[in-house]
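Participant: Input file: my_file.cif. Contents: mmCIF, C-alpha atoms and all ligand atoms.
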data_entry
#
loop_
_atom_site.label_atom_id
_atom_site.label_comp_id
_atom_site.auth_asym_id
_atom_site.auth_seq_id
_atom_site.Cartn_x
_atom_site.Cartn_y
_atom_site.Cartn_z
CA MET A 891 0.00 0.00 0.00
CA ASP A 892 1.48 3.31 -1.05
CA CYS A 893 1.69 5.90 1.65
CA PRO A 894 3.84 9.03 1.51
CA ILE A 895 4.82 8.51 5.15
CA SER A 896 6.47 5.27 6.21
CA ARG A 897 7.50 5.94 9.79
CA ALA A 898 5.35 5.78 12.92
CA VAL A 899 6.03 6.42 16.59
CA VAL A 900 3.75 4.50 18.98
CA PRO A 901 3.84 5.77 22.56
CA VAL A 902 3.04 2.99 25.04
CA ALA A 903 4.69 4.30 28.20
CA GLY A 904 1.52 5.35 30.07
CA LEU A 905 0.94 3.69 33.45
CA GLY A 906 -2.65 2.59 32.90
CA THR A 907 -3.68 3.48 36.45
CA ARG A 908 -7.33 3.87 35.40
CA LEU A 909 -7.33 0.19 34.43
CA LEU A 910 -5.97 -1.18 37.70
CA PRO A 911 -5.93 -3.93 38.92
CA ALA A 912 -5.88 -5.39 35.39
CA THR A 913 -2.73 -3.40 34.62
CA LYS A 914 -0.82 -4.10 37.83
CA SER A 915 1.81 -6.22 36.08
CA GLN A 916 0.88 -6.03 32.42
CA PRO A 917 0.78 -3.10 30.05
CA LYS A 918 -2.69 -1.75 29.29
CA GLU A 919 -1.80 -1.99 25.59
CA MET A 920 -1.58 -5.79 26.04
CA LEU A 921 -5.11 -6.18 27.43
CA PRO A 922 -7.03 -8.44 25.08
CA VAL A 923 -9.91 -7.05 23.07
CA ALA A 924 -11.67 -10.19 21.88
CA ARG A 925 -8.91 -12.16 20.04
CA LYS A 926 -5.98 -9.80 20.13
CA PRO A 927 -4.18 -7.44 22.48
CA ILE A 928 -5.04 -3.78 21.86
CA VAL A 929 -1.62 -2.90 20.50
CA GLN A 930 -1.77 -5.62 17.83
CA TYR A 931 -4.76 -3.87 16.24
CA VAL A 932 -2.74 -0.63 16.24
CA VAL A 933 0.30 -2.26 14.63
CA GLU A 934 -1.82 -4.01 11.98
CA GLU A 935 -3.61 -0.74 11.23
CA LEU A 936 -0.29 1.05 10.72
CA ALA A 937 1.04 -1.69 8.43
CA ARG A 938 -2.19 -1.52 6.37
CA ASN A 939 -1.72 2.25 6.08
CA GLY A 940 1.72 1.85 4.55
CA VAL A 941 3.97 2.22 7.61
CA ARG A 942 7.24 0.26 7.29
CA ASN A 943 9.30 1.49 10.26
CA LEU A 944 7.76 1.60 13.70
CA LEU A 945 9.21 2.88 16.96
CA PHE A 946 7.57 1.93 20.25
CA VAL A 947 8.25 4.37 23.07
CA THR A 948 7.94 2.02 26.02
CA GLY A 949 8.51 2.35 29.73
CA ARG A 950 8.97 0.30 32.85
CA GLY A 951 6.89 -2.88 32.92
CA LYS A 952 6.21 -2.91 29.17
CA ALA A 953 8.43 -5.83 28.16
CA ALA A 954 5.35 -7.93 27.26
CA ILE A 955 4.86 -5.73 24.18
CA GLU A 956 8.36 -6.53 22.93
CA ASN A 957 7.80 -10.24 23.64
CA HIS A 958 4.51 -10.21 21.76
CA PHE A 959 6.02 -8.95 18.51
CA ASP A 960 9.19 -11.04 18.78
CA SER A 961 9.29 -14.07 16.50
CA ASP A 962 8.89 -17.40 18.26
CA PRO A 963 10.24 -20.13 15.95
CA ALA A 964 9.35 -23.00 18.35
CA LEU A 965 5.71 -21.87 18.61
CA MET A 966 5.43 -21.37 14.85
CA GLU A 967 6.89 -24.83 14.21
CA SER A 968 4.43 -26.52 16.56
CA LEU A 969 1.49 -24.64 14.98
CA ARG A 970 2.75 -25.67 11.55
CA LYS A 971 2.97 -29.33 12.63
CA ALA A 972 -0.53 -29.15 14.09
CA GLY A 973 -1.85 -27.65 10.83
CA LYS A 974 -3.15 -24.51 12.54
CA ASP A 975 -2.87 -22.28 9.51
CA ASP A 976 -5.26 -19.60 10.76
CA LEU A 977 -3.20 -19.09 13.94
CA LEU A 978 0.04 -19.13 11.97
CA LEU A 979 -1.33 -16.31 9.84
CA ALA A 980 -2.59 -14.33 12.84
CA LEU A 981 0.83 -14.55 14.49
CA ASP A 982 3.00 -13.98 11.45
CA PHE A 983 4.10 -10.43 12.25
CA GLU A 984 6.91 -10.69 9.70
CA GLU A 985 4.17 -10.84 7.08
CA LEU A 986 3.31 -7.23 8.03
CA GLY A 987 6.66 -6.14 6.58
CA LEU A 988 7.46 -3.91 9.53
CA ASN A 989 10.79 -3.01 11.01
CA ILE A 990 10.00 -2.58 14.72
CA LEU A 991 12.27 -0.69 17.11
CA TYR A 992 11.94 0.09 20.81
CA THR A 993 13.11 2.92 23.00
CA ARG A 994 12.30 3.73 26.58
CA GLN A 995 10.88 6.77 28.32
CA SER A 996 12.31 6.30 31.81
CA VAL A 997 10.51 9.19 33.50
CA GLN A 998 6.79 9.84 33.01
CA ARG A 999 6.99 13.30 31.47
CA GLY A 1000 3.94 13.25 29.23
CA LEU A 1001 3.02 12.55 25.62
CA GLY A 1002 5.09 15.46 24.24
CA ASP A 1003 8.22 14.06 25.89
CA ALA A 1004 7.41 10.52 24.65
CA ILE A 1005 7.20 11.83 21.08
CA LEU A 1006 10.50 13.66 21.55
CA HIS A 1007 12.08 10.22 22.09
CA GLY A 1008 11.35 9.60 18.39
CA GLU A 1009 13.54 12.44 17.14
CA SER A 1010 16.52 10.48 15.84
CA PHE A 1011 14.20 7.76 14.46
CA ALA A 1012 12.21 10.31 12.44
CA GLY A 1013 15.20 12.35 11.31
CA LYS A 1014 14.06 15.08 8.93
CA GLU A 1015 11.11 13.05 7.61
CA PRO A 1016 7.44 13.46 8.50
CA PHE A 1017 6.07 10.69 10.73
CA ILE A 1018 2.83 9.34 12.15
CA VAL A 1019 2.10 9.14 15.88
CA ALA A 1020 -0.44 6.47 16.85
CA LEU A 1021 -1.37 6.10 20.52
CA GLY A 1022 -1.00 2.47 21.56
CA ASP A 1023 -4.21 2.43 23.62
CA SER A 1024 -6.58 3.63 20.87
CA ILE A 1025 -8.08 1.48 18.14
CA ILE A 1026 -9.60 3.28 15.15
CA GLY A 1027 -12.55 1.46 13.59
CA LEU A 1028 -13.95 -1.98 14.37
CA HIS A 1029 -10.98 -4.40 14.42
CA GLY A 1030 -8.72 -1.47 13.56
CA GLU A 1031 -9.78 -1.48 9.93
CA SER A 1032 -9.28 2.20 9.20
CA MET A 1033 -7.28 3.97 6.51
CA ALA A 1034 -7.38 7.30 8.36
CA CYS A 1035 -3.57 7.49 8.69
CA GLN A 1036 -3.17 7.27 4.95
CA ARG A 1037 -5.74 10.06 4.41
CA MET A 1038 -3.89 12.12 7.00
CA ALA A 1039 -0.53 11.48 5.31
CA ASP A 1040 -2.03 12.44 1.93
CA ALA A 1041 -3.45 15.65 3.44
CA PHE A 1042 -0.07 16.42 5.04
CA VAL A 1043 1.68 16.26 1.67
CA ARG A 1044 -1.09 17.86 -0.43
CA GLU A 1045 -1.61 20.79 1.96
CA ASP A 1046 2.08 21.18 2.78
CA ALA A 1047 1.03 21.07 6.43
CA ASP A 1048 3.13 21.15 9.59
CA VAL A 1049 0.75 18.95 11.59
CA VAL A 1050 -2.31 16.84 10.75
CA ILE A 1051 -4.58 15.57 13.51
CA ALA A 1052 -7.40 13.00 13.41
CA VAL A 1053 -10.51 14.39 15.08
CA GLU A 1054 -13.83 12.92 16.11
CA GLU A 1055 -16.96 14.68 17.36
CA VAL A 1056 -17.64 13.79 21.00
CA GLU A 1057 -20.55 14.46 23.34
CA PRO A 1058 -20.36 17.80 25.21
CA ALA A 1059 -19.83 15.97 28.52
CA HIS A 1060 -16.73 14.26 27.09
CA VAL A 1061 -14.76 17.30 25.88
CA ARG A 1062 -12.96 17.43 29.22
CA PHE A 1063 -11.20 14.12 28.46
CA TYR A 1064 -9.51 15.26 25.23
CA GLY A 1065 -7.59 17.91 23.35
CA ILE A 1066 -10.28 19.98 21.59
CA VAL A 1067 -9.62 21.90 18.37
CA GLU A 1068 -10.94 25.25 17.18
CA PRO A 1069 -11.66 24.74 13.47
CA HIS A 1070 -11.16 27.46 10.89
CA GLY A 1071 -13.26 26.27 7.99
CA GLU A 1072 -15.44 23.26 7.36
CA GLY A 1073 -15.44 19.89 5.65
CA ASP A 1074 -13.63 16.65 6.30
CA VAL A 1075 -10.19 18.23 6.03
CA PHE A 1076 -9.94 21.68 7.57
CA ARG A 1077 -7.50 24.18 9.04
CA ILE A 1078 -7.19 24.38 12.83
CA ARG A 1079 -6.88 27.81 14.41
CA THR A 1080 -5.88 26.58 17.85
CA MET A 1081 -6.57 23.85 20.39
CA VAL A 1082 -6.95 23.38 24.11
CA GLU A 1083 -6.21 20.38 26.33
CA LYS A 1084 -9.16 18.95 28.27
CA PRO A 1085 -11.37 22.08 28.51
CA ALA A 1086 -14.53 22.45 30.59
CA PRO A 1087 -17.63 21.95 28.37
CA ASP A 1088 -18.61 25.65 28.58
CA THR A 1089 -15.19 26.89 27.43
CA ALA A 1090 -14.52 24.26 24.74
CA PRO A 1091 -14.02 25.81 21.27
CA SER A 1092 -15.87 22.87 19.60
CA ARG A 1093 -16.73 19.24 20.17
CA LEU A 1094 -13.98 17.99 17.85
CA ALA A 1095 -11.62 15.88 19.91
CA VAL A 1096 -8.05 14.92 19.08
CA SER A 1097 -8.30 11.18 18.52
CA GLY A 1098 -5.02 9.37 18.99
CA ARG A 1099 -3.51 9.72 15.48
CA TYR A 1100 -1.22 12.56 14.34
CA VAL A 1101 1.16 13.35 11.48
CA PHE A 1102 4.07 15.66 12.28
CA GLY A 1103 6.80 17.31 10.31
CA PRO A 1104 10.28 17.43 11.89
CA GLY A 1105 9.57 20.98 13.17
CA ILE A 1106 7.56 19.48 16.04
CA PHE A 1107 10.66 18.53 18.01
CA ASP A 1108 11.90 22.08 18.57
CA ARG A 1109 8.38 23.11 19.54
CA ILE A 1110 8.15 20.30 22.10
CA ARG A 1111 11.45 21.42 23.61
CA GLN A 1112 9.96 24.89 24.13
CA VAL A 1113 6.90 23.62 26.03
CA LYS A 1114 6.85 24.24 29.77
CA PRO A 1115 5.75 21.26 31.88
CA ASP A 1116 2.18 21.44 33.22
CA LYS A 1117 1.37 21.27 36.92
CA ARG A 1118 1.84 17.50 36.91
CA GLY A 1119 5.30 17.94 35.36
CA GLU A 1120 4.11 16.65 31.96
CA ILE A 1121 5.00 18.05 28.55
CA GLN A 1122 1.71 18.16 26.63
CA ILE A 1123 1.87 17.64 22.87
CA THR A 1124 -1.21 19.87 22.64
CA ASP A 1125 0.89 22.85 23.82
CA ALA A 1126 3.49 22.25 21.10
CA ILE A 1127 0.79 21.95 18.40
CA ARG A 1128 -0.96 25.08 19.67
CA ALA A 1129 2.31 27.03 19.47
CA ILE A 1130 2.66 25.95 15.83
CA ALA A 1131 -0.94 26.90 14.96
CA GLU A 1132 -0.84 30.24 16.75
CA GLY A 1133 2.56 31.03 15.25
CA GLY A 1134 1.11 30.82 11.73
CA GLY A 1135 2.01 27.18 11.05
CA LYS A 1136 -0.38 24.96 9.13
CA VAL A 1137 -2.24 22.60 11.43
CA MET A 1138 -4.98 20.57 9.73
CA GLY A 1139 -7.75 18.35 11.06
CA VAL A 1140 -8.96 15.20 9.31
CA LYS A 1141 -12.35 13.94 10.47
CA LEU A 1142 -12.69 10.26 11.22
CA ARG A 1143 -15.51 8.69 9.20
CA PRO A 1144 -18.60 7.16 10.84
CA GLU A 1145 -17.14 3.66 10.37
CA GLU A 1146 -13.90 4.84 11.99
CA LYS A 1147 -15.18 5.05 15.53
CA ARG A 1148 -12.41 5.58 18.01
CA TYR A 1149 -12.09 2.98 20.77
CA ASP A 1150 -10.23 4.76 23.56
CA ILE A 1151 -9.19 2.10 26.01
CA GLY A 1152 -8.09 4.37 28.83
CA ASN A 1153 -10.73 3.42 31.40
CA MET A 1154 -12.82 0.43 32.50
CA PRO A 1155 -16.20 1.31 30.92
CA SER A 1156 -14.66 1.96 27.51
CA TYR A 1157 -12.57 -1.21 27.80
CA PHE A 1158 -15.66 -3.30 28.61
CA GLU A 1159 -17.64 -1.73 25.75
CA THR A 1160 -14.84 -2.24 23.24
CA PHE A 1161 -14.35 -5.87 24.25
CA LEU A 1162 -18.07 -6.57 23.88
CA GLU A 1163 -18.36 -4.83 20.53
CA PHE A 1164 -15.35 -6.69 19.08
CA ALA A 1165 -16.51 -10.02 20.53
CA LEU A 1166 -19.99 -9.53 19.02
CA ALA A 1167 -18.38 -8.85 15.64
CA ASP A 1168 -16.16 -11.95 15.79
CA PRO A 1169 -16.73 -13.97 12.61
CA ASP A 1170 -16.68 -17.35 14.42
CA HIS A 1171 -17.99 -16.64 17.90
CA GLY A 1172 -19.97 -13.38 17.60
CA GLU A 1173 -23.33 -15.06 17.13
CA ARG A 1174 -22.84 -17.22 20.19
CA VAL A 1175 -21.89 -14.21 22.33
CA ARG A 1176 -24.97 -12.37 21.05
CA THR A 1177 -27.26 -15.27 22.01
CA TYR A 1178 -25.65 -15.51 25.42
CA LEU A 1179 -25.99 -11.79 26.08
CA ARG A 1180 -29.63 -11.80 25.01
CA ARG A 1181 -30.28 -14.65 27.40
CA ILE A 1182 -28.58 -13.15 30.46
CA LEU A 1183 -30.09 -9.72 29.78
CA ALA A 1184 -33.55 -11.27 29.70
CA GLU A 1185 -33.05 -13.10 33.00
C1 LIG B 1201 -3.88 12.57 24.96
C2 LIG B 1201 -3.80 13.99 24.41
C3 LIG B 1201 -5.20 14.54 24.12
C4 LIG B 1201 -5.93 13.60 23.17
C5 LIG B 1201 -5.92 12.18 23.75
C6 LIG B 1201 -6.49 11.20 22.74
O1 LIG B 1201 -4.50 12.59 26.20
O2 LIG B 1201 -3.13 14.81 25.35
O3 LIG B 1201 -5.10 15.81 23.52
O4 LIG B 1201 -7.26 14.03 22.95
O5 LIG B 1201 -4.59 11.74 24.04
O6 LIG B 1201 -5.80 11.24 21.54
P1 LIG B 1201 -4.43 11.35 27.25
O7 LIG B 1201 -5.48 10.39 26.81
O8 LIG B 1201 -3.04 10.82 27.17
O9 LIG B 1201 -4.76 11.96 28.59
#
Hey, can you dump this file as structure tokens for me?
Facilitator:
Amino acid sequence: MDCPISRAVVPVAGLGTRLLPATKSQPKEMLPVARKPIVQYVVEELARNGVRNLLFVTGRGKAAIENHFDSDPALMESLRKAGKDDLLLALDFEELGLNILYTRQSVQRGLGDAILHGESFAGKEPFIVALGDSIIGLHGESMACQRMADAFVREDADVVIAVEEVEPAHVRFYGIVEPHGEGDVFRIRTMVEKPAPDTAPSRLAVSGRYVFGPGIFDRIRQVKPDKRGEIQITDAIRAIAEGGGKVMGVKLRPEEKRYDIGNMPSYFETFLEFALADPDHGERVRTYLRRILAE
């Protein structure tokens, strides 16, 4: 698949405290959603969108992610002997054609700082950032990153952000953009991190996928830490937009719902929705749910 941008940084260093106790000793990105861990959907989405080089920004306690994507010749051999072709295919990460690298954010200094860890990986090329705890579209089947990369090149943008309209009560959980113009691809005047509903400039929330030019790194370095000591990527993007840089929004399509797995209710909902859509077992889950709901 042709994509003008072949590099992606995937931050997975967050502690996952809102998903405790499930995340006590395993990364939240490794929680299963139906058949696969969350982060596998993200990696498969990126490969489908034309990414070839991927950098995970990990942290303490995240080794399971590295183990998951490592090749396991003994396991593959036993699956081959047992004739389990479907599992062989599902586990054949080499088939994705990705070169996967890892680096570590040792101190929790926020998303902006995590992205800064990708500076030497990105070099002077534009790159995608995909949050490792967000799946875009049922089973991650979205081509939003490719549309964003196309918009980045076509518009000669500095930053492109995926946005999704959220309910007024939810604006306080996200970065919210102030659009300048309409349509599915539009210019962003500015943005604010987690505003109160009455001060939010719109209901368009930043949704876990970004494209950046190399200029982002200097901007991140200029950001002052917030009161929790975190460097917010929103502050760096706002500085670019307000300084006359070109920041564009790309709207996610209706079939590109964003599954944000940062808290228990959204994790439960996502699991159920993916399990119901499972080609082999979905019908059985549906029957079971109907039955227990009727009891
Ligand atoms: C981060 C960003 C926020 C964005 C969200 C989802 O917040 O700071 O602007 O809306 O990801 O992409 P977090 O979920 O890490 O608190």
Participant: Which residue, A:Lys952, A:Arg994, A:Arg1079, A:Arg1093, has the smallest gap to ligand LIG 1201 (chain B) when you use all atoms listed in the file?
Facilitator: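 Comparing A:Lys952, A:Arg994, A:Arg1079, A:Arg1093 against ligand LIG 1201 (chain B), the winner is A:Arg1093.
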Participant: Identify, on the basis of all atoms listed in the file, every residue whose closest approach to Val1053 (chain A) does not exceed 9 Å; exclude the query and any residue fewer than 3 positions from it along the same chain; express the result as a PyMOL selection string.
Facilitator: chain A and resi 1066-1067+1094-1099+1139-1142
Participant: For ligand LIG 1201 (chain B), list the contacting residues at 8 Å or closer, counting all atoms listed in the file, as an mmCIF file with C-alpha atoms, in the coordinates of the input.
Facilitator:
data_model
loop_
_atom_site.group_PDB
_atom_site.id
_atom_site.type_symbol
_atom_site.label_atom_id
_atom_site.label_comp_id
_atom_site.auth_asym_id
_atom_site.auth_seq_id
_atom_site.Cartn_x
_atom_site.Cartn_y
_atom_site.Cartn_z
ATOM 1 C CA GLY A 904 1.520 5.350 30.070
ATOM 2 C CA GLY A 1000 3.940 13.250 29.230
ATOM 3 C CA LEU A 1001 3.020 12.550 25.620
ATOM 4 C CA LEU A 1021 -1.370 6.100 20.520
ATOM 5 C CA SER A 1024 -6.580 3.630 20.870
ATOM 6 C CA PHE A 1063 -11.200 14.120 28.460
ATOM 7 C CA TYR A 1064 -9.510 15.260 25.230
ATOM 8 C CA GLY A 1065 -7.590 17.910 23.350
ATOM 9 C CA ILE A 1066 -10.280 19.980 21.590
ATOM 10 C CA VAL A 1082 -6.950 23.380 24.110
ATOM 11 C CA GLU A 1083 -6.210 20.380 26.330
ATOM 12 C CA LYS A 1084 -9.160 18.950 28.270
ATOM 13 C CA ALA A 1095 -11.620 15.880 19.910
ATOM 14 C CA VAL A 1096 -8.050 14.920 19.080
ATOM 15 C CA SER A 1097 -8.300 11.180 18.520
ATOM 16 C CA GLY A 1098 -5.020 9.370 18.990
ATOM 17 C CA ARG A 1099 -3.510 9.720 15.480
ATOM 18 C CA GLN A 1122 1.710 18.160 26.630
ATOM 19 C CA ILE A 1123 1.870 17.640 22.870
ATOM 20 C CA THR A 1124 -1.210 19.870 22.640
ATOM 21 C CA ASP A 1150 -10.230 4.760 23.560
ATOM 22 C CA GLY A 1152 -8.090 4.370 28.830
#
Participant: So, counting only C-alpha atoms, which residue among A:Arg1174, A:His1029, A:His1060, A:Arg1181 is closest to Lys1147 (chain A)?
Facilitator: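 Selected residue with least distance to Lys1147 (chain A): A:His1029.
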Participant: Name the residues, using the chain letters and numbers of the file, that sit within 9 Å of (13.6, -2.0, 18.8) when counting all atoms listed in the file, and give them as a PyMOL selection string.
Facilitator: chain A and resi 944-946+956+989-993
Participant: When you draw a straight line from CA of Glu1145 (chain A) to CA of Val923 (chain A), how long is it in Å?
Facilitator: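 Between CA of Glu1145 (chain A) and CA of Val923 (chain A) the gap works out to 18.1 Å.
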Participant: Set the distance at 6 Å and use only C-alpha atoms: which residues neighbour Val1019 (chain A) once local chain neighbours fewer than 5 positions away are removed? I'd like the list as a PyMOL selection string.
Facilitator: chain A and resi 898-900+1099-1100
Participant: With C-alpha atoms retained, export the selected residues as a compact mmCIF listing (two decimals), in the frame of the given file.
Facilitator:
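Everything below was put into result01.txt:
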# COMPACT_ATOMS: atom_id res chain seq x y z
CA ALA A 898 5.35 5.78 12.92
CA VAL A 899 6.03 6.42 16.59
CA VAL A 900 3.75 4.50 18.98
CA ARG A 1099 -3.51 9.72 15.48
CA TYR A 1100 -1.22 12.56 14.34
Participant: Return the single residue from A:Ser896, A:Ser1092, A:Thr1080, A:Gln995 that is closest to Arg938 (chain A), with distances computed using all atoms listed in the file.
Facilitator: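 Between A:Ser896, A:Ser1092, A:Thr1080, A:Gln995, the residue approaching Arg938 (chain A) most closely is A:Ser896.
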Participant: In Å to one decimal, how far is CA of Tyr1149 (chain A) from CA of Ile895 (chain A)?
Facilitator: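 Taking CA of Ile895 (chain A) and CA of Tyr1149 (chain A), their separation equals 23.7 Å.
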Participant: Tell me which of A:Phe1107, A:Phe1164, A:Tyr1178, A:Tyr1157 sits closest to Ala912 (chain A), counting only C-alpha atoms.
Facilitator: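 For Ala912 (chain A), the nearest of the candidates is A:Tyr1157.
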Participant: Using CA of Glu934 (chain A) and CA of Val1056 (chain A) as the two end points, give the distance in Å to one decimal.
Facilitator: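 Here the two named atoms are 25.5 Å from each other.
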Participant: Using only C-alpha atoms for the distances, tell me which of A:Val947, A:Ile1018, A:Ala924, A:Ile1078 is nearest to Val902 (chain A).
Facilitator: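 Of A:Val947, A:Ile1018, A:Ala924, A:Ile1078, the one nearest Val902 (chain A) is A:Val947, counting only C-alpha atoms.
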